[in-house]
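I have placed the structure first, in the form of structure tokens, so that the comments after it can refer back to it.
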Amino acid sequence: MNGIKIRGTGRGVPGKLVTNRDLEQVVDTSDEWIASRTGIRTRRFCGEGESVSTLAAAAARAALEDAGIGPEEIGACIVATLSADTLVPSAACLLQRELNLPQDIPCFDLNAACTGFLFGLHTMECLLNASPRKYGLVVGAENLSRLINWEDRGTCILFGDGAGAAVVECREGWPSISAIMGCHGSSGLLHVPGAETEGHSWISMEGTKVFKFAVEAVPWCVDQVLKKNGRAVEDVDFFVFHQANARIIDLAVRKYRIPPEKYYKNIAEYGNTSAASIPLVLSELREQGKIGPGSRLLAVGFGGGLTWGGCLIEFA
Ligand code: UT7
């Protein structure tokens with residue numbers, strides 16, 4: 001199988017800034033508790049006129065521009081999300097229309113919660129191998145503020161809205177991203193009701209149990225990706241972790257002795273943006289010149305489902 005590489009990245013960031021101090025006015029919490037337990041200081045929420053669709057379009061446009069690729073060259077479009085504006089049409093179908101992507105390509109949403117973007121990269125690699133067009137658009141976009149239970153201080157302080165996108169290219173001879181991924185069905189630990197619900201569609205989570213799962217899943221994924229690729233920690237230029245809790249990232253960094261210049265945290269600004277978190281990191285790293293042509297990244301995601309995944313991906 002021919003592999004994919006990232007050609008360009010972009011992001012869509014909503015306008016409304018919400019600080020921990022703002023949340024102190026809403027629930028019994030404190031800036032000190034939130035910052036020390038999670039690393040979060042602010043998050044962005046969708047305001048008037050903003051939605052998964054508008055954020056996804058902004059991110060995708062920026063990624064296309066960064067890649068220097070026209071919409072007519074895209075061979076498939078995947079939006080990873082658990083909070084699409086409508087179940088049907090999917091966010092990806094709305095993006096097809098908004099960006100004027102070709103009509104003869106697959107455009108669909110993918111829900112693997114916070115691991116969605118990595119599931120999307122793997123799926124895109126498979127799709128592009130069977131497509132005459134060699135570029136694909138993978139977006140992670142969320143409007144989680146819509147799903148917040150403001151009576152649950154254990155979860156309402158965690159989540160934020162946003163979108164990130166990557167244009168990927170598939171070429172003969174390029175190595176596969178060799179993704180590893182999995183899931184085990186668990187409805188209780190992290191739950192968002194769907195069509196069956198009679199009440200509100202709110203996020204509920206048993207945080208401590210999910211935390212325990214995450215601190216085991218992250219090193220497991222790192223080890224599996226390195227093993228599958230015959231690589232060592234030193235062969236990786238940059239580690240990109242899902243931004244769910246700064247403490248989860250810090251534990252992984254300590255375990256693998258990753259130097260500060262080789263990993264990144266933006267959870268302080270965005271909170272947990274689920275499927276958008278990894279592409280948001282990619283887009284900021286790219287803008288800051290920390291990654292670029294030739295960079296080899298190891299990305300790890302984990303979250304609701306429960307799902308987990310990792311891959312080794314290069315910049316074209
Ligand atoms: O992206 C998908 C994957 N998600 C994750 O990986 C999230 C993983 N989980 C976590 O990040 C953490 O479990 C949380 C940040 C959600 C919670 O941190 P924790 O250290 O597990 O706290 P806890 O739920 O065990 O609560 C500790 C205490 C409790 O008080 P008592 O019972 O000890 O008196 C809570 O009631 O902190 C209290 N608490 C709060 N206090 C102030 C819970 N939420 C808050 C709050 N402000 N917002």
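The chains in the structure tokens are called A, B, ... from first to last as shown; in each chain the residues are counted from 1, and the ligands are counted from 1 in the order shown.
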
Give me the residues near Ala179 in chain A as a count of residues only, where near means some atom within 9 Å (using only C-alpha atoms) and where sequence neighbours in that chain fewer than 2 positions away do not count. 14

I'd like to know which residues of range 163-248 of chain A are strand (DSSP E or B) (by DSSP, run on the backbone); could you write them as a count of residues only? 21

Would you list the residues that come within 9 Å of ligand 1? Count only C-alpha atoms and all ligand atoms and give the answer as a short mmCIF file (atom, residue, chain, number, x, y, z; two decimals) with all heavy atoms, in the first residue's frame.
```
data_model
loop_
_atom_site.label_atom_id
_atom_site.label_comp_id
_atom_site.auth_asym_id
_atom_site.auth_seq_id
_atom_site.Cartn_x
_atom_site.Cartn_y
_atom_site.Cartn_z
N LEU A 23 -15.99 30.53 34.37
CA LEU A 23 -16.70 29.33 34.82
C LEU A 23 -16.96 29.36 36.33
O LEU A 23 -17.92 28.75 36.82
CB LEU A 23 -15.92 28.06 34.44
CG LEU A 23 -15.76 27.83 32.94
CD1 LEU A 23 -15.11 26.48 32.68
CD2 LEU A 23 -17.10 27.89 32.22
N GLU A 24 -16.10 30.09 37.07
CA GLU A 24 -16.32 30.23 38.52
C GLU A 24 -17.68 30.87 38.80
O GLU A 24 -18.25 30.68 39.88
CB GLU A 24 -15.22 31.10 39.15
CG GLU A 24 -13.86 30.41 39.26
CD GLU A 24 -12.78 31.35 39.80
OE1 GLU A 24 -13.08 32.53 40.06
OE2 GLU A 24 -11.63 30.88 39.96
N VAL A 27 -20.37 27.49 37.92
CA VAL A 27 -20.37 26.29 38.77
C VAL A 27 -19.39 26.46 39.93
O VAL A 27 -18.54 27.36 39.91
CB VAL A 27 -19.97 25.01 37.99
CG1 VAL A 27 -21.10 24.51 37.13
CG2 VAL A 27 -18.70 25.20 37.20
N ASP A 28 -19.51 25.58 40.91
CA ASP A 28 -18.64 25.63 42.08
C ASP A 28 -17.27 25.06 41.70
O ASP A 28 -17.02 23.86 41.81
CB ASP A 28 -19.28 24.80 43.21
CG ASP A 28 -18.41 24.78 44.45
OD1 ASP A 28 -17.50 25.62 44.56
OD2 ASP A 28 -18.65 23.91 45.31
N THR A 29 -16.40 25.94 41.20
CA THR A 29 -15.06 25.51 40.78
C THR A 29 -14.10 26.68 40.99
O THR A 29 -14.50 27.75 41.46
CB THR A 29 -15.07 25.04 39.31
OG1 THR A 29 -13.82 24.43 39.01
CG2 THR A 29 -15.30 26.20 38.33
N SER A 30 -12.85 26.46 40.64
CA SER A 30 -11.87 27.55 40.77
C SER A 30 -10.83 27.42 39.66
O SER A 30 -10.56 26.32 39.16
CB SER A 30 -11.17 27.48 42.13
OG SER A 30 -10.39 26.30 42.19
N ASP A 31 -10.27 28.57 39.30
CA ASP A 31 -9.19 28.58 38.32
C ASP A 31 -8.07 27.65 38.78
O ASP A 31 -7.52 26.88 37.98
CB ASP A 31 -8.68 30.02 38.16
CG ASP A 31 -7.49 30.11 37.24
OD1 ASP A 31 -7.54 29.50 36.16
OD2 ASP A 31 -6.49 30.78 37.60
N GLU A 32 -7.78 27.70 40.06
CA GLU A 32 -6.68 26.89 40.61
C GLU A 32 -6.96 25.39 40.41
O GLU A 32 -6.09 24.64 39.96
CB GLU A 32 -6.52 27.24 42.11
CG GLU A 32 -5.18 26.83 42.70
CD GLU A 32 -5.13 25.35 43.06
OE1 GLU A 32 -6.20 24.80 43.42
OE2 GLU A 32 -4.03 24.74 42.94
N TRP A 33 -8.20 24.96 40.71
CA TRP A 33 -8.54 23.52 40.57
C TRP A 33 -8.43 23.10 39.11
O TRP A 33 -7.79 22.10 38.78
CB TRP A 33 -9.96 23.23 41.10
CG TRP A 33 -10.24 21.75 41.23
CD1 TRP A 33 -10.12 21.00 42.37
CD2 TRP A 33 -10.65 20.85 40.18
NE1 TRP A 33 -10.43 19.69 42.10
CE2 TRP A 33 -10.76 19.55 40.77
CE3 TRP A 33 -10.92 20.98 38.83
CZ2 TRP A 33 -11.14 18.43 40.06
CZ3 TRP A 33 -11.29 19.85 38.10
CH2 TRP A 33 -11.39 18.59 38.73
N ILE A 34 -9.02 23.88 38.23
CA ILE A 34 -9.04 23.49 36.82
C ILE A 34 -7.62 23.45 36.25
O ILE A 34 -7.21 22.48 35.59
CB ILE A 34 -9.92 24.45 35.98
CG1 ILE A 34 -11.36 24.48 36.50
CG2 ILE A 34 -9.91 24.04 34.51
CD1 ILE A 34 -12.24 25.56 35.89
N ARG A 37 -5.50 20.52 37.87
CA ARG A 37 -5.95 19.14 37.55
C ARG A 37 -5.93 18.83 36.06
O ARG A 37 -5.91 17.66 35.67
CB ARG A 37 -7.38 18.92 38.04
CG ARG A 37 -7.57 18.97 39.53
CD ARG A 37 -7.14 17.67 40.18
NE ARG A 37 -7.32 17.79 41.62
CZ ARG A 37 -7.86 16.86 42.38
NH1 ARG A 37 -8.26 15.72 41.84
NH2 ARG A 37 -7.98 17.04 43.66
N THR A 38 -6.03 19.89 35.23
CA THR A 38 -6.17 19.62 33.79
C THR A 38 -5.18 20.36 32.90
O THR A 38 -4.95 19.96 31.77
CB THR A 38 -7.59 20.04 33.30
OG1 THR A 38 -7.67 21.48 33.34
CG2 THR A 38 -8.69 19.46 34.15
N GLY A 39 -4.64 21.49 33.39
CA GLY A 39 -3.78 22.34 32.55
C GLY A 39 -4.58 23.34 31.73
O GLY A 39 -4.01 24.15 31.00
N ALA A 113 -14.84 9.57 18.44
CA ALA A 113 -14.62 10.54 19.53
C ALA A 113 -13.24 11.20 19.37
O ALA A 113 -12.90 11.64 18.28
CB ALA A 113 -14.82 9.86 20.87
N CYS A 114 -12.46 11.23 20.44
CA CYS A 114 -11.20 11.99 20.41
C CYS A 114 -10.15 11.33 19.52
O CYS A 114 -9.14 11.96 19.18
CB CYS A 114 -10.66 12.16 21.81
SG CYS A 114 -11.88 12.83 22.94
N THR A 115 -10.34 10.07 19.15
CA THR A 115 -9.39 9.40 18.26
C THR A 115 -9.79 9.58 16.80
O THR A 115 -9.14 9.04 15.89
CB THR A 115 -9.32 7.88 18.60
OG1 THR A 115 -9.45 7.73 20.02
CG2 THR A 115 -7.98 7.28 18.21
N ASP A 152 -22.80 19.69 35.86
CA ASP A 152 -21.76 18.70 36.18
C ASP A 152 -20.39 19.38 36.12
O ASP A 152 -19.80 19.53 35.06
CB ASP A 152 -21.84 17.54 35.16
CG ASP A 152 -20.75 16.51 35.40
OD1 ASP A 152 -20.05 16.60 36.44
OD2 ASP A 152 -20.59 15.63 34.53
N ARG A 153 -19.89 19.78 37.29
CA ARG A 153 -18.63 20.53 37.30
C ARG A 153 -17.44 19.66 36.91
O ARG A 153 -16.37 20.16 36.57
CB ARG A 153 -18.39 21.17 38.67
CG ARG A 153 -18.15 20.18 39.79
CD ARG A 153 -17.79 20.90 41.07
NE ARG A 153 -17.56 19.94 42.15
CZ ARG A 153 -17.02 20.26 43.31
NH1 ARG A 153 -16.68 21.51 43.56
NH2 ARG A 153 -16.84 19.35 44.23
N GLY A 154 -17.63 18.33 36.98
CA GLY A 154 -16.54 17.42 36.62
C GLY A 154 -16.28 17.38 35.12
O GLY A 154 -15.18 17.04 34.68
N THR A 155 -17.27 17.76 34.30
CA THR A 155 -17.06 17.73 32.85
C THR A 155 -17.18 19.11 32.18
O THR A 155 -16.52 19.36 31.18
CB THR A 155 -18.08 16.80 32.14
OG1 THR A 155 -19.41 17.23 32.46
CG2 THR A 155 -17.90 15.35 32.55
N CYS A 156 -18.00 20.01 32.76
CA CYS A 156 -18.28 21.27 32.04
C CYS A 156 -17.05 22.14 31.89
O CYS A 156 -17.01 23.01 31.02
CB CYS A 156 -19.42 22.04 32.71
SG CYS A 156 -18.96 22.80 34.28
N ILE A 157 -16.04 21.91 32.72
CA ILE A 157 -14.83 22.75 32.66
C ILE A 157 -13.82 22.24 31.62
O ILE A 157 -12.81 22.89 31.36
CB ILE A 157 -14.15 22.80 34.05
CG1 ILE A 157 -13.98 21.38 34.62
CG2 ILE A 157 -15.00 23.60 35.02
CD1 ILE A 157 -12.65 20.84 34.61
N LEU A 158 -14.10 21.07 31.04
CA LEU A 158 -13.07 20.41 30.23
C LEU A 158 -13.07 20.78 28.76
O LEU A 158 -12.02 20.84 28.12
CB LEU A 158 -13.25 18.88 30.31
CG LEU A 158 -13.07 18.24 31.69
CD1 LEU A 158 -13.47 16.76 31.61
CD2 LEU A 158 -11.62 18.36 32.14
N PHE A 159 -14.26 20.99 28.19
CA PHE A 159 -14.37 20.93 26.74
C PHE A 159 -14.40 22.29 26.06
O PHE A 159 -14.82 23.29 26.65
CB PHE A 159 -15.61 20.12 26.34
CG PHE A 159 -15.56 18.71 26.86
CD1 PHE A 159 -16.31 18.32 27.96
CD2 PHE A 159 -14.70 17.79 26.28
CE1 PHE A 159 -16.24 17.03 28.46
CE2 PHE A 159 -14.62 16.50 26.78
CZ PHE A 159 -15.39 16.11 27.87
N LEU A 190 -17.78 7.13 29.08
CA LEU A 190 -17.85 8.42 28.36
C LEU A 190 -19.03 8.29 27.41
O LEU A 190 -19.00 7.48 26.49
CB LEU A 190 -16.54 8.66 27.60
CG LEU A 190 -16.08 10.12 27.49
CD1 LEU A 190 -14.69 10.19 26.89
CD2 LEU A 190 -17.04 11.01 26.75
N MET A 205 -19.15 11.66 31.87
CA MET A 205 -17.88 10.91 31.88
C MET A 205 -17.50 10.54 33.31
O MET A 205 -17.66 11.34 34.22
CB MET A 205 -16.76 11.78 31.26
CG MET A 205 -15.40 11.10 31.28
SD MET A 205 -14.16 11.98 30.32
CE MET A 205 -13.88 13.40 31.34
N GLU A 206 -17.00 9.32 33.44
CA GLU A 206 -16.38 8.93 34.71
C GLU A 206 -14.89 9.26 34.56
O GLU A 206 -14.09 8.43 34.12
CB GLU A 206 -16.60 7.45 34.97
CG GLU A 206 -18.06 7.14 35.26
CD GLU A 206 -18.23 5.84 36.01
OE1 GLU A 206 -17.37 5.49 36.87
OE2 GLU A 206 -19.21 5.15 35.72
N GLY A 207 -14.56 10.50 34.90
CA GLY A 207 -13.25 11.07 34.60
C GLY A 207 -12.07 10.26 35.11
O GLY A 207 -11.10 10.01 34.38
N THR A 208 -12.15 9.82 36.36
CA THR A 208 -10.99 9.14 36.95
C THR A 208 -10.73 7.81 36.23
O THR A 208 -9.58 7.43 36.00
CB THR A 208 -11.24 8.91 38.45
OG1 THR A 208 -11.68 10.15 39.01
CG2 THR A 208 -9.97 8.49 39.16
N LYS A 209 -11.81 7.11 35.86
CA LYS A 209 -11.64 5.82 35.16
C LYS A 209 -11.09 6.06 33.75
O LYS A 209 -10.26 5.29 33.25
CB LYS A 209 -12.97 5.07 35.10
CG LYS A 209 -13.35 4.49 36.46
CD LYS A 209 -14.60 3.65 36.38
CE LYS A 209 -14.97 3.16 37.77
NZ LYS A 209 -16.38 2.83 37.89
N VAL A 210 -11.60 7.11 33.09
CA VAL A 210 -11.09 7.40 31.74
C VAL A 210 -9.62 7.83 31.82
O VAL A 210 -8.80 7.48 30.96
CB VAL A 210 -11.95 8.48 31.04
CG1 VAL A 210 -11.38 8.84 29.68
CG2 VAL A 210 -13.38 7.99 30.87
N PHE A 211 -9.29 8.57 32.87
CA PHE A 211 -7.89 8.99 33.06
C PHE A 211 -6.99 7.76 33.18
O PHE A 211 -5.93 7.67 32.55
CB PHE A 211 -7.81 9.83 34.35
CG PHE A 211 -6.47 10.48 34.58
CD1 PHE A 211 -6.22 11.77 34.15
CD2 PHE A 211 -5.45 9.80 35.24
CE1 PHE A 211 -5.00 12.38 34.35
CE2 PHE A 211 -4.21 10.40 35.45
CZ PHE A 211 -3.98 11.69 35.01
N LYS A 212 -7.45 6.79 33.95
CA LYS A 212 -6.66 5.56 34.15
C LYS A 212 -6.48 4.83 32.80
O LYS A 212 -5.39 4.37 32.47
CB LYS A 212 -7.39 4.66 35.15
CG LYS A 212 -6.55 3.55 35.70
CD LYS A 212 -7.22 2.92 36.93
CE LYS A 212 -6.47 1.68 37.38
NZ LYS A 212 -6.59 0.55 36.47
N PHE A 213 -7.58 4.75 32.05
CA PHE A 213 -7.50 4.14 30.71
C PHE A 213 -6.48 4.88 29.85
O PHE A 213 -5.63 4.29 29.18
CB PHE A 213 -8.89 4.16 30.05
CG PHE A 213 -8.85 4.16 28.54
CD1 PHE A 213 -8.50 3.01 27.83
CD2 PHE A 213 -9.16 5.31 27.82
CE1 PHE A 213 -8.46 3.02 26.43
CE2 PHE A 213 -9.11 5.33 26.44
CZ PHE A 213 -8.76 4.18 25.74
N ALA A 214 -6.53 6.23 29.89
CA ALA A 214 -5.68 7.04 29.02
C ALA A 214 -4.20 6.88 29.34
O ALA A 214 -3.38 6.76 28.43
CB ALA A 214 -6.09 8.51 29.13
N VAL A 215 -3.87 6.84 30.63
CA VAL A 215 -2.44 6.77 30.97
C VAL A 215 -1.86 5.39 30.62
O VAL A 215 -0.65 5.25 30.49
CB VAL A 215 -2.14 7.12 32.45
CG1 VAL A 215 -2.49 8.57 32.72
CG2 VAL A 215 -2.84 6.20 33.42
N HIS A 242 -3.17 13.69 21.88
CA HIS A 242 -4.50 14.25 22.09
C HIS A 242 -4.48 15.07 23.38
O HIS A 242 -3.94 14.64 24.40
CB HIS A 242 -5.54 13.13 22.17
CG HIS A 242 -6.87 13.59 22.71
ND1 HIS A 242 -7.51 14.71 22.22
CD2 HIS A 242 -7.66 13.09 23.71
CE1 HIS A 242 -8.65 14.88 22.89
NE2 HIS A 242 -8.75 13.92 23.79
N GLN A 243 -5.08 16.26 23.31
CA GLN A 243 -5.03 17.20 24.45
C GLN A 243 -6.28 17.01 25.32
O GLN A 243 -7.28 17.72 25.15
CB GLN A 243 -4.96 18.64 23.92
CG GLN A 243 -3.90 18.87 22.86
CD GLN A 243 -2.51 19.08 23.43
OE1 GLN A 243 -2.32 19.89 24.33
NE2 GLN A 243 -1.53 18.35 22.92
N ALA A 244 -6.22 16.03 26.22
CA ALA A 244 -7.37 15.78 27.10
C ALA A 244 -7.07 16.28 28.51
O ALA A 244 -7.97 16.72 29.23
CB ALA A 244 -7.71 14.30 27.16
N ASN A 245 -5.82 16.18 28.90
CA ASN A 245 -5.40 16.58 30.24
C ASN A 245 -3.87 16.70 30.21
O ASN A 245 -3.19 15.76 29.79
CB ASN A 245 -5.84 15.52 31.27
CG ASN A 245 -5.59 15.98 32.69
OD1 ASN A 245 -4.54 16.55 33.00
ND2 ASN A 245 -6.55 15.73 33.56
N ALA A 246 -3.36 17.86 30.64
CA ALA A 246 -1.90 18.08 30.58
C ALA A 246 -1.16 17.01 31.36
O ALA A 246 -0.03 16.62 31.01
CB ALA A 246 -1.58 19.47 31.13
N ARG A 247 -1.80 16.49 32.42
CA ARG A 247 -1.10 15.49 33.25
C ARG A 247 -0.89 14.18 32.48
O ARG A 247 0.10 13.48 32.71
CB ARG A 247 -1.91 15.22 34.54
CG ARG A 247 -1.85 16.39 35.52
CD ARG A 247 -2.49 16.01 36.83
NE ARG A 247 -3.94 15.88 36.73
CZ ARG A 247 -4.67 14.99 37.39
NH1 ARG A 247 -4.10 14.12 38.20
NH2 ARG A 247 -5.98 14.95 37.25
N ILE A 248 -1.81 13.86 31.59
CA ILE A 248 -1.66 12.63 30.79
C ILE A 248 -0.45 12.78 29.85
O ILE A 248 0.36 11.87 29.70
CB ILE A 248 -2.95 12.34 29.98
CG1 ILE A 248 -4.12 12.07 30.93
CG2 ILE A 248 -2.74 11.17 29.02
CD1 ILE A 248 -5.49 11.97 30.26
N ASN A 272 -10.24 20.57 25.99
CA ASN A 272 -10.32 19.32 25.23
C ASN A 272 -11.29 19.52 24.07
O ASN A 272 -12.49 19.68 24.28
CB ASN A 272 -10.80 18.21 26.16
CG ASN A 272 -10.87 16.86 25.48
OD1 ASN A 272 -10.83 16.77 24.25
ND2 ASN A 272 -11.01 15.81 26.26
N THR A 273 -10.77 19.50 22.84
CA THR A 273 -11.63 19.70 21.66
C THR A 273 -11.86 18.39 20.90
O THR A 273 -12.13 18.40 19.70
CB THR A 273 -11.03 20.76 20.72
OG1 THR A 273 -9.73 20.31 20.33
CG2 THR A 273 -10.94 22.12 21.37
N SER A 274 -11.70 17.27 21.59
CA SER A 274 -11.99 15.95 21.03
C SER A 274 -11.30 15.75 19.67
O SER A 274 -10.09 15.88 19.57
CB SER A 274 -13.50 15.72 20.97
OG SER A 274 -13.77 14.36 20.71
N ALA A 275 -12.07 15.46 18.62
CA ALA A 275 -11.45 15.12 17.32
C ALA A 275 -10.65 16.27 16.72
O ALA A 275 -9.81 16.06 15.84
CB ALA A 275 -12.54 14.69 16.33
N GLY A 301 -3.89 9.21 19.92
CA GLY A 301 -5.20 9.68 20.37
C GLY A 301 -5.88 8.62 21.21
O GLY A 301 -5.56 7.43 21.11
N PHE A 302 -6.84 9.06 22.03
CA PHE A 302 -7.59 8.13 22.88
C PHE A 302 -8.87 8.84 23.30
O PHE A 302 -8.91 10.08 23.30
CB PHE A 302 -6.77 7.77 24.14
CG PHE A 302 -6.29 8.99 24.88
CD1 PHE A 302 -7.08 9.60 25.84
CD2 PHE A 302 -5.07 9.58 24.57
CE1 PHE A 302 -6.67 10.75 26.49
CE2 PHE A 302 -4.65 10.75 25.20
CZ PHE A 302 -5.45 11.33 26.17
N GLY A 303 -9.90 8.08 23.62
CA GLY A 303 -11.12 8.76 24.06
C GLY A 303 -12.33 7.87 24.08
O GLY A 303 -12.23 6.64 24.18
N GLY A 304 -13.48 8.52 23.96
CA GLY A 304 -14.77 7.84 24.09
C GLY A 304 -14.89 6.66 23.14
O GLY A 304 -14.36 6.67 22.03
N LEU A 306 -14.65 2.96 24.27
CA LEU A 306 -13.37 3.66 24.28
C LEU A 306 -12.57 3.35 23.02
O LEU A 306 -12.59 2.22 22.55
CB LEU A 306 -12.54 3.25 25.51
CG LEU A 306 -13.21 3.61 26.86
CD1 LEU A 306 -12.49 2.94 28.02
CD2 LEU A 306 -13.27 5.11 27.09
#
```

Would you mind listing what lies within 12 Å of Glu65 in chain A as number ranges by chain, with only C-alpha atoms counted and same-chain residues fewer than 5 positions away left out? A: 7-11, 58-60, 70-71, 165-167

Restricting the output to N, CA and C atoms, write the selected residues as a compact mmCIF listing (two decimals), in the first residue's frame.
```
# COMPACT_ATOMS: atom_id res chain seq x y z
N ARG A 7 0.45 17.48 3.56
CA ARG A 7 0.88 18.51 2.61
C ARG A 7 0.61 19.91 3.17
N GLY A 8 -0.49 20.03 3.93
CA GLY A 8 -0.82 21.35 4.49
C GLY A 8 -1.77 21.21 5.66
N THR A 9 -1.78 22.22 6.53
CA THR A 9 -2.67 22.18 7.70
C THR A 9 -3.38 23.52 7.86
N GLY A 10 -4.46 23.50 8.61
CA GLY A 10 -5.17 24.75 8.89
C GLY A 10 -6.08 24.57 10.09
N ARG A 11 -6.62 25.67 10.60
CA ARG A 11 -7.53 25.55 11.74
C ARG A 11 -8.63 26.60 11.67
N ALA A 58 -13.44 26.80 7.60
CA ALA A 58 -12.29 27.70 7.80
C ALA A 58 -10.99 26.89 7.87
N ALA A 59 -11.03 25.78 8.62
CA ALA A 59 -9.83 24.94 8.76
C ALA A 59 -9.44 24.33 7.41
N ALA A 60 -10.43 23.84 6.69
CA ALA A 60 -10.15 23.16 5.41
C ALA A 60 -9.61 24.15 4.37
N GLY A 70 -5.88 22.91 -5.05
CA GLY A 70 -7.24 23.39 -5.34
C GLY A 70 -8.26 22.35 -4.91
N PRO A 71 -9.50 22.77 -4.60
CA PRO A 71 -10.53 21.82 -4.16
C PRO A 71 -10.80 20.72 -5.19
N ALA A 165 -7.52 20.91 10.28
CA ALA A 165 -7.62 20.13 9.04
C ALA A 165 -6.24 19.85 8.48
N ALA A 166 -6.15 18.74 7.75
CA ALA A 166 -4.91 18.41 7.05
C ALA A 166 -5.25 17.99 5.62
N VAL A 167 -4.48 18.53 4.67
CA VAL A 167 -4.52 18.00 3.30
C VAL A 167 -3.40 16.98 3.22
```

Skip Ala80 in chain A itself and residues of its chain fewer than 6 positions away, then list as an MDAnalysis selection string all residues within 9 Å of it, counting only C-alpha atoms. chainID A and resid 91:92 108:120 138:142 275:276

Residues near Gly75 in chain A, anyone? I mean within 10 Å using only C-alpha atoms, not counting same-chain ones fewer than 6 positions away, as a list in words. Leu101, Pro102, Gln103, Asp104, Ile105, Pro106, Cys107, Met124, Leu127, Leu128, Ala130, Ser131, Pro132, Arg133, Lys134, Tyr135, Gly136, Leu137 and Glu169 of chain A

List every residue of range 130-230 of chain A that has an atom at most 7 Å from any atom of range 282-300 of chain A, and for each one report the closest atom pair and its distance in Å to one decimal, counting only C-alpha atoms, with rows sorted by chain and then by increasing residue number, as JSON lines.
```
{"residue": "A:Gly164", "atom": "CA", "partner": "A:Ser283", "partner_atom": "CA", "distance": 6.9}
{"residue": "A:Val218", "atom": "CA", "partner": "A:Val300", "partner_atom": "CA", "distance": 6.6}
{"residue": "A:Cys221", "atom": "CA", "partner": "A:Val300", "partner_atom": "CA", "distance": 6.6}
```

Alpha helix (DSSP H) per DSSP on the backbone: members of range 148-249 of chain A, as number ranges by chain: A: 153-156, 207-229, 246-249

Could you check the closest approach to Thr86 in chain A for each of A:Asn2, A:Thr42, A:Thr197, A:Asn143 and tell me which residue wins, using only C-alpha atoms? A:Asn143

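Of the residues listed (A:Glu314, A:Glu125, A:Asp250, A:Asp235), A:Glu125 shows the shortest atom-to-atom separation from Ile78 in chain A; distances use only C-alpha atoms.
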
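Each of A:Cys170, A:Val52, A:Ala163, A:Val222 was compared to Ile74 in chain A using only C-alpha atoms, and A:Cys170 turns out to be the nearest.
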
From CA of Val168 in chain A to CA of Ile69 in chain A the spacing works out at 10.2 Å

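Of the residues listed (A:Arg21, A:Arg257, A:Lys16, A:Arg97), A:Arg97 shows the shortest atom-to-atom separation from Ser53 in chain A; distances use only C-alpha atoms.
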
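All residues of protein, DNA or RNA that reach within 9 Å of range 262-265 of chain A, judged by only C-alpha atoms and not counting those fewer than 2 positions away in the chain, are Val236, Asp237, Phe238, Phe239, Val240, Phe241, Gln243, Ala246, Ile249, Val253, Ile258, Pro259, Pro260, Ile267, Ala268, Val281, Leu285 and Lys290 of chain A.
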
Please produce a file of those selected residues containing N, CA and C atoms, as a short mmCIF file (atom, residue, chain, number, x, y, z; two decimals), in the first residue's frame.
```
data_model
loop_
_atom_site.label_atom_id
_atom_site.label_comp_id
_atom_site.auth_asym_id
_atom_site.auth_seq_id
_atom_site.Cartn_x
_atom_site.Cartn_y
_atom_site.Cartn_z
N VAL A 236 11.90 9.89 16.15
CA VAL A 236 10.70 10.71 15.99
C VAL A 236 11.07 12.18 16.18
N ASP A 237 10.65 13.04 15.24
CA ASP A 237 10.97 14.47 15.34
C ASP A 237 10.02 15.19 16.29
N PHE A 238 8.75 14.71 16.33
CA PHE A 238 7.78 15.40 17.16
C PHE A 238 6.68 14.44 17.62
N PHE A 239 6.32 14.52 18.89
CA PHE A 239 5.24 13.72 19.44
C PHE A 239 3.99 14.60 19.56
N VAL A 240 2.89 14.11 19.00
CA VAL A 240 1.62 14.87 19.03
C VAL A 240 0.60 14.03 19.79
N PHE A 241 0.21 14.53 20.96
CA PHE A 241 -0.74 13.80 21.80
C PHE A 241 -2.10 14.49 21.80
N GLN A 243 -5.08 16.26 23.31
CA GLN A 243 -5.03 17.20 24.45
C GLN A 243 -6.28 17.01 25.32
N ALA A 246 -3.36 17.86 30.64
CA ALA A 246 -1.90 18.08 30.58
C ALA A 246 -1.16 17.01 31.36
N ILE A 249 -0.32 13.97 29.26
CA ILE A 249 0.82 14.22 28.36
C ILE A 249 2.12 14.22 29.16
N VAL A 253 5.52 12.05 28.52
CA VAL A 253 6.78 12.76 28.26
C VAL A 253 7.87 12.26 29.21
N ILE A 258 10.98 12.57 26.63
CA ILE A 258 10.86 13.39 25.41
C ILE A 258 11.27 14.82 25.77
N PRO A 259 12.25 15.39 25.06
CA PRO A 259 12.69 16.76 25.39
C PRO A 259 11.62 17.78 25.01
N PRO A 260 11.62 18.94 25.69
CA PRO A 260 10.55 19.95 25.50
C PRO A 260 10.38 20.38 24.04
N ILE A 267 -3.50 22.70 25.34
CA ILE A 267 -4.74 22.49 26.10
C ILE A 267 -5.06 23.70 26.97
N ALA A 268 -4.04 24.46 27.39
CA ALA A 268 -4.28 25.65 28.22
C ALA A 268 -5.20 26.63 27.50
N VAL A 281 -3.25 21.00 17.03
CA VAL A 281 -1.82 20.99 17.38
C VAL A 281 -0.97 21.02 16.11
N LEU A 285 1.78 23.93 15.23
CA LEU A 285 3.20 23.55 15.09
C LEU A 285 3.74 23.98 13.72
N LYS A 290 7.74 24.66 13.77
CA LYS A 290 8.34 23.57 14.56
C LYS A 290 8.31 22.26 13.80
#
```
